[in-house]
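Novice: Hey, dropping protein_30.cif in here, mmCIF, C-alpha atoms and all ligand atoms:
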```cif
data_target
loop_
_atom_site.label_atom_id
_atom_site.label_comp_id
_atom_site.auth_asym_id
_atom_site.auth_seq_id
_atom_site.Cartn_x
_atom_site.Cartn_y
_atom_site.Cartn_z
CA MET A 1 0.82 42.26 -63.28
CA SER A 2 0.53 44.24 -60.03
CA LEU A 3 1.01 42.50 -56.69
CA PHE A 4 -2.66 43.08 -55.94
CA GLN A 5 -3.71 41.46 -59.21
CA GLN A 6 -1.44 38.49 -58.48
CA ASN A 7 -2.94 38.13 -55.01
CA LEU A 8 -6.48 38.38 -56.38
CA GLU A 9 -5.73 35.56 -58.83
CA LYS A 10 -4.25 33.42 -56.06
CA TYR A 11 -7.35 34.16 -53.98
CA ALA A 12 -9.71 33.13 -56.80
CA ASN A 13 -7.68 29.98 -57.33
CA LEU A 14 -7.69 29.16 -53.60
CA ALA A 15 -11.48 29.56 -53.45
CA ILE A 16 -11.91 27.05 -56.31
CA ARG A 17 -9.14 24.56 -55.44
CA THR A 18 -9.27 24.59 -51.62
CA GLY A 19 -12.61 26.19 -50.66
CA ILE A 20 -14.82 24.33 -53.13
CA ASN A 21 -12.26 21.76 -54.33
CA LEU A 22 -14.18 21.77 -57.60
CA GLN A 23 -14.43 18.43 -59.35
CA GLU A 24 -14.23 17.78 -63.08
CA GLY A 25 -17.67 18.14 -64.69
CA GLN A 26 -19.26 19.78 -61.64
CA THR A 27 -21.54 22.81 -61.86
CA LEU A 28 -20.63 25.84 -59.73
CA VAL A 29 -23.04 28.49 -58.45
CA VAL A 30 -21.42 31.78 -57.37
CA ASN A 31 -23.42 34.12 -55.11
CA ALA A 32 -21.96 37.61 -55.18
CA SER A 33 -22.83 41.27 -55.15
CA ILE A 34 -22.03 43.39 -58.18
CA GLU A 35 -19.19 45.11 -56.30
CA CYS A 36 -17.24 41.85 -56.47
CA ALA A 37 -17.31 41.61 -60.27
CA PRO A 38 -13.51 41.60 -60.84
CA LEU A 39 -13.04 38.71 -58.39
CA VAL A 40 -16.12 36.89 -59.72
CA ARG A 41 -14.72 37.01 -63.26
CA LEU A 42 -11.44 35.47 -62.05
CA VAL A 43 -13.33 32.82 -60.09
CA VAL A 44 -15.37 31.88 -63.16
CA LYS A 45 -12.14 31.54 -65.18
CA LYS A 46 -10.44 29.42 -62.50
CA ALA A 47 -13.55 27.24 -62.25
CA TYR A 48 -13.66 26.45 -65.96
CA GLU A 49 -9.90 25.87 -65.91
CA ALA A 50 -10.47 23.37 -63.08
CA GLY A 51 -12.99 21.51 -65.24
CA ALA A 52 -16.34 23.05 -64.28
CA LYS A 53 -19.23 21.99 -66.49
CA ASN A 54 -21.19 25.18 -65.96
CA VAL A 55 -20.69 28.26 -63.79
CA MET A 56 -23.74 30.32 -62.84
CA VAL A 57 -23.46 33.68 -61.13
CA GLU A 58 -26.28 34.89 -58.88
CA TRP A 59 -25.82 38.66 -58.59
CA SER A 60 -27.13 40.89 -55.83
CA ASP A 61 -26.92 44.62 -55.17
CA ASP A 62 -26.91 46.39 -51.78
CA THR A 63 -28.63 49.50 -53.11
CA VAL A 64 -31.49 47.45 -54.53
CA THR A 65 -31.77 45.60 -51.21
CA ARG A 66 -31.90 48.84 -49.21
CA THR A 67 -34.41 50.43 -51.61
CA LYS A 68 -36.75 47.47 -51.17
CA TYR A 69 -36.60 47.78 -47.37
CA GLU A 70 -37.36 51.49 -47.62
CA LEU A 71 -40.12 51.48 -50.20
CA ALA A 72 -41.71 48.06 -50.69
CA PRO A 73 -45.08 47.27 -49.05
CA ASP A 74 -45.11 44.91 -46.05
CA GLU A 75 -46.41 41.99 -48.18
CA ALA A 76 -43.17 42.04 -50.17
CA PHE A 77 -41.39 40.60 -47.14
CA THR A 78 -43.74 37.67 -46.62
CA GLU A 79 -43.37 36.14 -50.09
CA PHE A 80 -40.38 34.47 -51.67
CA PRO A 81 -40.06 33.38 -55.31
CA MET A 82 -40.46 29.62 -55.12
CA TRP A 83 -38.83 29.09 -58.54
CA ARG A 84 -35.70 30.45 -56.95
CA ALA A 85 -35.87 28.20 -53.91
CA GLN A 86 -36.65 25.18 -56.10
CA GLY A 87 -33.83 26.06 -58.48
CA PHE A 88 -31.27 26.10 -55.68
CA GLU A 89 -32.68 22.84 -54.34
CA GLU A 90 -32.46 21.20 -57.77
CA LEU A 91 -28.88 22.35 -58.24
CA ALA A 92 -27.91 21.05 -54.79
CA ALA A 93 -29.57 17.72 -55.54
CA SER A 94 -27.62 17.43 -58.80
CA ASN A 95 -24.25 17.83 -57.01
CA ALA A 96 -23.61 21.52 -57.83
CA ALA A 97 -21.18 23.39 -55.56
CA PHE A 98 -21.96 26.79 -54.04
CA LEU A 99 -19.43 29.58 -53.57
CA SER A 100 -20.55 32.73 -51.77
CA ILE A 101 -18.45 35.85 -52.02
CA TYR A 102 -19.36 37.81 -48.98
CA ALA A 103 -19.02 41.59 -49.25
CA PRO A 104 -21.00 42.96 -46.35
CA ASN A 105 -21.95 46.54 -45.61
CA PRO A 106 -22.33 46.51 -41.80
CA ASP A 107 -24.61 49.55 -41.84
CA LEU A 108 -26.70 48.57 -44.85
CA LEU A 109 -29.92 48.30 -42.91
CA THR A 110 -29.32 50.94 -40.24
CA GLY A 111 -32.60 52.67 -39.45
CA ILE A 112 -34.77 49.97 -41.06
CA ASP A 113 -37.51 48.54 -38.83
CA PRO A 114 -35.98 45.39 -37.25
CA LYS A 115 -39.39 43.72 -37.63
CA ARG A 116 -39.21 44.07 -41.41
CA ILE A 117 -35.73 42.54 -41.43
CA ALA A 118 -36.84 39.71 -39.16
CA THR A 119 -39.87 38.96 -41.39
CA ASN A 120 -37.70 38.93 -44.49
CA THR A 121 -35.08 36.67 -42.90
CA LYS A 122 -37.75 34.26 -41.70
CA THR A 123 -39.50 34.17 -45.12
CA ALA A 124 -36.26 33.53 -46.97
CA SER A 125 -35.00 30.90 -44.49
CA THR A 126 -38.33 29.07 -44.62
CA ALA A 127 -38.40 29.04 -48.44
CA MET A 128 -34.75 28.03 -48.70
CA SER A 129 -34.82 25.49 -45.85
CA LYS A 130 -34.48 22.39 -48.07
CA TYR A 131 -31.57 23.93 -49.97
CA ARG A 132 -29.98 24.98 -46.68
CA ALA A 133 -30.31 21.43 -45.33
CA TYR A 134 -28.06 20.27 -48.19
CA LEU A 135 -25.40 22.75 -47.10
CA MET A 136 -25.71 22.22 -43.36
CA SER A 137 -25.39 18.44 -43.67
CA ASP A 138 -22.51 18.69 -46.19
CA ARG A 139 -24.57 16.89 -48.82
CA ALA A 140 -23.61 19.76 -51.14
CA VAL A 141 -20.16 21.36 -51.31
CA TRP A 142 -20.07 25.04 -50.36
CA SER A 143 -17.65 27.75 -49.37
CA LEU A 144 -17.71 31.32 -48.16
CA VAL A 145 -14.93 33.85 -48.86
CA GLY A 146 -14.73 37.53 -47.91
CA HIS A 147 -14.48 40.63 -50.10
CA PRO A 148 -14.16 44.28 -48.94
CA THR A 149 -16.76 46.97 -49.45
CA VAL A 150 -15.99 50.65 -48.83
CA GLU A 151 -18.45 50.69 -45.93
CA TRP A 152 -16.99 47.60 -44.31
CA ALA A 153 -13.39 48.75 -44.84
CA ARG A 154 -14.21 52.16 -43.29
CA LYS A 155 -15.65 50.44 -40.26
CA VAL A 156 -12.51 48.31 -39.76
CA PHE A 157 -10.11 51.18 -40.58
CA PRO A 158 -11.89 54.37 -39.46
CA ASN A 159 -8.62 56.34 -39.62
CA ALA A 160 -7.66 55.40 -43.17
CA GLU A 161 -6.68 58.35 -45.39
CA SER A 162 -9.29 57.62 -48.04
CA ASN A 163 -11.88 55.05 -49.05
CA ASP A 164 -9.38 53.47 -51.44
CA ASP A 165 -6.80 53.28 -48.68
CA ALA A 166 -9.28 51.59 -46.34
CA VAL A 167 -10.25 49.03 -49.00
CA ALA A 168 -6.59 48.33 -49.80
CA LYS A 169 -5.86 47.79 -46.09
CA LEU A 170 -8.78 45.40 -45.74
CA TRP A 171 -7.69 43.45 -48.84
CA ASP A 172 -4.22 43.09 -47.27
CA VAL A 173 -5.76 41.66 -44.10
CA ILE A 174 -8.03 39.30 -46.04
CA PHE A 175 -5.05 38.04 -48.06
CA GLU A 176 -2.93 37.69 -44.91
CA THR A 177 -5.55 35.74 -42.95
CA THR A 178 -6.28 33.40 -45.88
CA ARG A 179 -2.54 32.70 -46.30
CA ILE A 180 -2.37 34.17 -49.81
CA PRO A 181 1.20 35.56 -49.34
CA ALA A 182 2.45 31.95 -49.00
CA GLU A 183 4.28 30.71 -52.07
CA ASP A 184 1.68 27.98 -52.42
CA PRO A 185 -1.50 28.94 -50.51
CA VAL A 186 -3.15 25.61 -51.38
CA ALA A 187 -0.29 23.73 -49.62
CA ALA A 188 -0.27 26.21 -46.70
CA TRP A 189 -3.96 25.51 -46.19
CA GLN A 190 -3.38 21.79 -46.18
CA GLU A 191 -0.85 22.15 -43.36
CA HIS A 192 -3.07 24.51 -41.37
CA CYS A 193 -6.09 22.22 -41.70
CA ASP A 194 -4.03 19.19 -40.61
CA GLN A 195 -3.30 21.04 -37.35
CA LEU A 196 -7.01 21.75 -36.76
CA HIS A 197 -7.78 18.07 -37.47
CA LYS A 198 -5.27 17.13 -34.77
CA VAL A 199 -7.08 19.24 -32.12
CA ALA A 200 -10.44 17.85 -33.21
CA THR A 201 -9.11 14.29 -32.92
CA ILE A 202 -7.87 14.87 -29.33
CA LEU A 203 -11.24 16.32 -28.30
CA ASN A 204 -13.14 13.53 -30.05
CA GLU A 205 -11.24 10.94 -28.06
CA LYS A 206 -11.96 12.79 -24.79
CA GLN A 207 -15.76 12.93 -25.37
CA TYR A 208 -16.18 15.49 -22.56
CA LYS A 209 -19.61 15.59 -20.98
CA THR A 210 -19.46 19.29 -20.14
CA LEU A 211 -17.41 22.38 -21.00
CA ALA A 212 -16.99 25.03 -18.28
CA TYR A 213 -16.21 28.67 -19.25
CA GLU A 214 -14.76 31.39 -17.05
CA ALA A 215 -13.93 34.96 -18.09
CA PRO A 216 -14.94 38.48 -16.99
CA GLY A 217 -18.76 38.52 -17.22
CA THR A 218 -18.85 34.84 -18.17
CA ASN A 219 -19.60 31.96 -15.83
CA PHE A 220 -21.13 29.24 -17.89
CA THR A 221 -21.37 25.49 -18.38
CA LEU A 222 -22.49 23.67 -21.49
CA ASP A 223 -23.21 19.96 -21.92
CA LEU A 224 -22.23 18.33 -25.19
CA VAL A 225 -24.52 15.82 -26.89
CA GLU A 226 -23.73 12.12 -26.51
CA ASN A 227 -21.46 10.91 -29.38
CA HIS A 228 -20.67 14.45 -30.48
CA ILE A 229 -18.13 15.02 -33.25
CA TRP A 230 -15.63 17.87 -33.14
CA ALA A 231 -14.92 19.16 -36.65
CA GLY A 232 -12.39 21.65 -37.92
CA GLY A 233 -10.15 22.41 -40.86
CA GLY A 234 -12.81 21.61 -43.39
CA ALA A 235 -15.56 19.15 -44.14
CA VAL A 236 -16.05 16.14 -46.39
CA SER A 237 -19.10 16.01 -48.64
CA GLU A 238 -21.43 13.03 -48.81
CA SER A 239 -19.76 12.12 -52.12
CA GLY A 240 -16.33 12.14 -50.42
CA THR A 241 -14.91 15.50 -51.53
CA PRO A 242 -12.96 17.43 -48.86
CA PHE A 243 -13.85 21.14 -48.91
CA ARG A 244 -13.49 24.24 -46.71
CA PRO A 245 -16.82 25.90 -45.91
CA ASN A 246 -15.22 29.01 -44.41
CA MET A 247 -12.12 30.85 -45.54
CA PRO A 248 -10.47 31.84 -43.26
CA THR A 249 -11.10 29.15 -40.66
CA GLU A 250 -9.42 28.75 -37.26
CA GLU A 251 -12.16 26.95 -35.32
CA VAL A 252 -12.91 23.47 -34.06
CA PHE A 253 -16.59 23.09 -33.25
CA THR A 254 -19.17 20.63 -32.07
CA MET A 255 -22.74 20.27 -30.85
CA PRO A 256 -24.06 21.35 -27.44
CA HIS A 257 -27.03 19.53 -25.94
CA LYS A 258 -30.03 21.79 -26.50
CA ASP A 259 -31.05 21.52 -22.82
CA GLY A 260 -27.52 21.68 -21.43
CA MET A 261 -26.57 25.35 -21.01
CA ASN A 262 -26.49 27.09 -17.62
CA GLY A 263 -25.12 30.43 -16.47
CA THR A 264 -24.17 33.68 -18.19
CA VAL A 265 -21.97 34.44 -21.19
CA ARG A 266 -20.72 37.89 -22.12
CA SER A 267 -19.95 38.89 -25.72
CA THR A 268 -16.40 40.02 -26.49
CA LYS A 269 -16.97 41.38 -30.00
CA PRO A 270 -19.81 43.19 -31.74
CA LEU A 271 -22.20 41.00 -33.71
CA ASN A 272 -23.43 42.19 -37.08
CA TYR A 273 -26.81 40.53 -37.58
CA GLY A 274 -28.62 41.20 -40.86
CA GLY A 275 -27.11 44.67 -41.20
CA THR A 276 -27.55 45.80 -37.57
CA VAL A 277 -24.84 45.75 -34.91
CA ILE A 278 -25.48 44.17 -31.49
CA ASP A 279 -22.75 45.03 -29.00
CA ASN A 280 -21.72 44.46 -25.37
CA PHE A 281 -24.38 41.90 -24.64
CA SER A 282 -24.86 39.17 -22.05
CA ILE A 283 -27.10 36.13 -22.29
CA THR A 284 -28.20 33.97 -19.37
CA PHE A 285 -29.32 30.35 -19.85
CA GLU A 286 -31.21 27.88 -17.69
CA ASN A 287 -31.38 24.25 -18.80
CA GLY A 288 -30.42 25.30 -22.31
CA LYS A 289 -32.97 28.07 -22.73
CA VAL A 290 -32.29 31.82 -22.83
CA VAL A 291 -33.95 33.25 -19.72
CA ASP A 292 -32.46 36.75 -19.70
CA TYR A 293 -30.37 39.04 -21.88
CA SER A 294 -29.14 42.60 -22.07
CA ALA A 295 -27.30 44.62 -24.72
CA GLU A 296 -25.74 48.08 -24.69
CA GLN A 297 -26.45 48.33 -28.43
CA GLY A 298 -28.95 46.48 -30.63
CA TYR A 299 -31.19 45.09 -27.85
CA GLU A 300 -34.28 45.01 -30.13
CA THR A 301 -32.39 43.12 -32.82
CA LEU A 302 -31.14 40.61 -30.27
CA LYS A 303 -34.71 40.20 -29.04
CA HIS A 304 -35.97 39.48 -32.58
CA LEU A 305 -33.14 37.01 -33.10
CA VAL A 306 -33.82 35.13 -29.85
CA GLU A 307 -37.58 35.13 -30.55
CA THR A 308 -37.35 33.89 -34.18
CA ASP A 309 -38.68 30.45 -33.21
CA GLU A 310 -38.47 27.83 -30.46
CA GLY A 311 -34.89 26.81 -31.32
CA SER A 312 -33.53 30.36 -31.50
CA SER A 313 -33.59 30.63 -27.71
CA ARG A 314 -31.12 27.73 -27.49
CA LEU A 315 -27.65 26.99 -28.84
CA GLY A 316 -26.66 24.81 -31.80
CA GLU A 317 -22.88 25.18 -31.98
CA VAL A 318 -19.93 25.54 -29.65
CA ALA A 319 -16.58 26.52 -31.19
CA LEU A 320 -13.10 26.86 -29.75
CA VAL A 321 -10.61 29.22 -31.39
CA PRO A 322 -7.19 30.04 -29.94
CA HIS A 323 -6.66 33.68 -29.06
CA LYS A 324 -3.35 33.46 -30.94
CA SER A 325 -4.25 33.22 -34.65
CA PRO A 326 -3.55 35.29 -37.78
CA ILE A 327 -6.96 36.95 -37.50
CA SER A 328 -6.77 37.57 -33.77
CA ASP A 329 -3.19 38.89 -34.17
CA THR A 330 -4.45 41.71 -36.40
CA ASN A 331 -6.18 43.07 -33.26
CA LEU A 332 -8.95 44.34 -35.52
CA ILE A 333 -12.68 44.11 -35.04
CA PHE A 334 -14.17 43.14 -38.39
CA PHE A 335 -17.88 43.62 -37.61
CA ASN A 336 -18.21 40.49 -39.67
CA THR A 337 -18.82 36.98 -38.39
CA LEU A 338 -16.70 35.17 -40.99
CA PHE A 339 -13.63 36.93 -39.62
CA ASP A 340 -14.57 37.73 -36.02
CA GLU A 341 -15.78 34.18 -35.28
CA ASN A 342 -12.42 32.87 -36.44
CA ALA A 343 -10.59 35.19 -34.06
CA SER A 344 -12.61 34.10 -31.06
CA CYS A 345 -14.29 31.26 -29.22
CA HIS A 346 -17.96 31.46 -30.06
CA LEU A 347 -21.39 29.94 -29.62
CA ALA A 348 -24.24 29.89 -32.12
CA ILE A 349 -27.84 30.63 -31.38
CA GLY A 350 -30.16 28.32 -33.33
CA ASN A 351 -29.76 25.36 -35.63
CA ALA A 352 -27.12 22.69 -34.98
CA TYR A 353 -24.98 21.12 -37.70
CA PRO A 354 -26.25 17.51 -37.97
CA THR A 355 -22.71 16.46 -38.92
CA ASN A 356 -21.59 17.25 -35.34
CA VAL A 357 -23.20 14.10 -33.91
CA GLN A 358 -22.87 10.49 -34.99
CA GLY A 359 -25.77 9.55 -37.27
CA GLY A 360 -27.04 13.14 -37.21
CA THR A 361 -27.57 13.53 -40.95
CA LYS A 362 -29.92 10.52 -40.97
CA MET A 363 -32.01 11.52 -37.92
CA THR A 364 -35.67 12.52 -38.21
CA ASP A 365 -36.74 15.73 -36.45
CA GLU A 366 -38.13 13.61 -33.59
CA GLU A 367 -34.88 11.69 -33.22
CA LYS A 368 -32.97 14.97 -33.24
CA ALA A 369 -35.11 16.38 -30.45
CA ALA A 370 -34.63 13.21 -28.40
CA SER A 371 -30.84 13.36 -28.84
CA GLY A 372 -30.60 17.04 -27.86
CA VAL A 373 -29.95 18.38 -31.38
CA ASN A 374 -31.23 21.94 -31.55
CA GLN A 375 -33.41 22.88 -34.54
CA SER A 376 -34.17 26.39 -35.74
CA LEU A 377 -34.58 28.48 -38.88
CA THR A 378 -31.64 30.54 -37.77
CA HIS A 379 -27.95 29.98 -37.00
CA VAL A 380 -26.05 33.01 -35.70
CA ASP A 381 -22.58 32.91 -34.17
CA PHE A 382 -21.61 35.29 -31.37
CA MET A 383 -18.15 35.77 -29.93
CA ILE A 384 -17.17 35.13 -26.33
CA GLY A 385 -13.42 34.46 -26.58
CA SER A 386 -10.60 36.62 -25.21
CA ALA A 387 -7.13 36.39 -23.68
CA GLU A 388 -8.90 36.06 -20.32
CA LEU A 389 -11.00 33.02 -21.15
CA ASN A 390 -10.40 29.66 -19.48
CA VAL A 391 -12.23 26.56 -20.68
CA ASP A 392 -12.27 23.23 -18.85
CA GLY A 393 -13.54 19.87 -20.02
CA ILE A 394 -15.43 17.76 -17.51
CA THR A 395 -15.39 14.02 -18.15
CA LYS A 396 -18.33 11.65 -17.60
CA ASP A 397 -16.82 10.61 -14.25
CA GLY A 398 -16.45 14.20 -13.12
CA LYS A 399 -12.75 14.81 -13.81
CA ARG A 400 -11.99 18.42 -14.71
CA GLU A 401 -9.20 19.08 -17.27
CA PRO A 402 -7.94 22.34 -18.81
CA ILE A 403 -8.69 22.78 -22.55
CA MET A 404 -7.85 26.48 -22.86
CA ARG A 405 -5.91 28.81 -20.60
CA ASN A 406 -5.82 32.57 -21.17
CA GLY A 407 -7.49 31.99 -24.52
CA ASN A 408 -4.99 29.47 -25.88
CA TRP A 409 -4.86 25.67 -26.17
CA ALA A 410 -3.84 23.84 -23.01
CA ILE A 411 -4.20 20.45 -24.73
CA LEU A 412 -1.58 20.74 -27.49
ZN ZN A 501 -18.37 28.43 -35.90
ZN ZN A 502 -21.64 28.88 -36.76
#
```
Step by step, read the file and then write its structure as structure tokens.
Ligand code: ZN
Ligand code: ZN

Specialist:
Amino acid sequence: MSLFQQNLEKYANLAIRTGINLQEGQTLVVNASIECAPLVRLVVKKAYEAGAKNVMVEWSDDTVTRTKYELAPDEAFTEFPMWRAQGFEELAASNAAFLSIYAPNPDLLTGIDPKRIATNTKTASTAMSKYRAYLMSDRAVWSLVGHPTVEWARKVFPNAESNDDAVAKLWDVIFETTRIPAEDPVAAWQEHCDQLHKVATILNEKQYKTLAYEAPGTNFTLDLVENHIWAGGGAVSESGTPFRPNMPTEEVFTMPHKDGMNGTVRSTKPLNYGGTVIDNFSITFENGKVVDYSAEQGYETLKHLVETDEGSSRLGEVALVPHKSPISDTNLIFFNTLFDENASCHLAIGNAYPTNVQGGTKMTDEEKAASGVNQSLTHVDFMIGSAELNVDGITKDGKREPIMRNGNWAIL
């Protein structure tokens, strides 16, 4: 067996054992595009070997997606097959796990009317909102792993000799950052996640009132919600199964108060949103709400994102990621949130994870609003970390303590 084939098998195994942590008798749903077929087949095998009851694969195809955007009438983007939404909801309710194999083409929707994309995203998020609530509150187990496409690999390695070379290079980086070269990747992940838990525990004990950010172009404070919970290194489902929603993961994250942001943040990496790149942008907040923004690239897309609904002009997640990490060390820009967000401190526009505040998963919408939990149809991370970023924690009695200096932990 070639080294690549061995790594691919280890990767499939890691996704099932560590990402999903599949339980005996559980049903698994795999979302993947047809380009990922060789990995999907291995994943299906590993899942049955781990005791899956049933494995269902939901295929998609980029060319079909693009063709629809080019040729379908406007009405096509305002309807969503409810049998599909209900099916996902039913599966989530019956304890199925969801693995998404993410093989993005960063330029897939270049030239498509951003309004069409925004309508489609809104229609799909509305239809799938109940299913999504299962995932966002960890009531269902889910995981997301990356997979190269030629277009993505070319974007990350523009100087590669050939398409195959670019894809091979991107696979190497994906394997490296998910710790596949380790003798036992499952054990390596355990150790890594224990370290992230340690940081989260320190921050949970501190219960800072405010975080203060300083970097070139960034001068920003953010209040955390009362009784916030820092999470990192994986989640635990309602039924008690530990799982890793994102592979790779390097972040610890919690919940900002929806009215608590003030000042300006500057992006440090491009953001690929729904197939369009937004780059070199700044966002200014007042009492939690976006009051101004600019972007050198993708301004219209950023505008549609911020204007999706009431909650999309506020933040729902704050994440700290050390500048020194396997992903950051590659010095690559991935044009892909799964990787870029784990190389960089980030914030998320839109919906908050209810698990990031005590009692959050049991709160009604009214209780959420009263506690400062942001609610939106959207949740989009954008990167603000760099080697020049300093973050302080401000305690309830006004004491200011360093959390990060020059992009790295000052609390470890
Ligand atoms: Zn995050
Ligand atoms: Zn996020």

Novice: Just give me the gap between CA of Val306 in chain A and CA of Asn336 in chain A in Å, one decimal is fine.

Specialist: 19.2 Å

Novice: Which residues, written as a VMD selection string, have at least one atom at most 12 Å from Ile174 in chain A, with all atoms listed in the file counted and residues fewer than 6 positions away on the same chain left out?

Specialist: chain A and resid 4 7 to 8 11 102 to 103 145 to 148 153 156 167 to 168 180 to 181 247 to 249 326 to 327 330 332 334 338 to 339

Novice: Between A:Ser282, A:Ser313, A:Asn246, A:Gln195, which is the closest to Ala348 in chain A once you count all atoms listed in the file?

Specialist: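 That would be A:Ser313, the residue with the smallest distance to Ala348 in chain A.
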
Novice: Do you have, as CSV, the list of residues of chain A lying at most 7 Å from ligand ZN 502 (chain A), each with its nearest atom pair and that distance in Å to one decimal, counting all atoms listed in the file and ordered by chain then number?

Specialist:
```
residue,atom,partner,partner_atom,distance
A:Glu317,CA,A:ZN502,ZN,6.2
A:Ala348,CA,A:ZN502,ZN,5.4
A:His379,CA,A:ZN502,ZN,6.4
A:Val380,CA,A:ZN502,ZN,6.1
A:Asp381,CA,A:ZN502,ZN,4.9
```

Novice: Give the residues close to ligand ZN 501 (chain A), within 12 Å, counting only C-alpha atoms and all ligand atoms; write them as a VMD selection string.

Specialist: chain A and resid 230 to 234 245 to 255 315 to 321 337 to 349 351 to 353 356 379 to 384

Novice: If you measure from CA of Ser267 in chain A to CA of Asp172 in chain A, what distance in Å do you get, rounded to one decimal?

Specialist: 27.0 Å

Novice: Show me the residues around (-24.6, 35.9, -58.0) - criterion: an atom at most 10 Å away, only C-alpha atoms counted - as a list of chain:residue names.

Specialist: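 Those residues, ordered by chain and then number, are A:Val29, A:Val30, A:Asn31, A:Ala32, A:Ser33, A:Ile34, A:Cys36, A:Ala37, A:Val40, A:Met56, A:Val57, A:Glu58, A:Trp59, A:Ser60, A:Asp61, A:Leu99, A:Ser100, A:Ile101.
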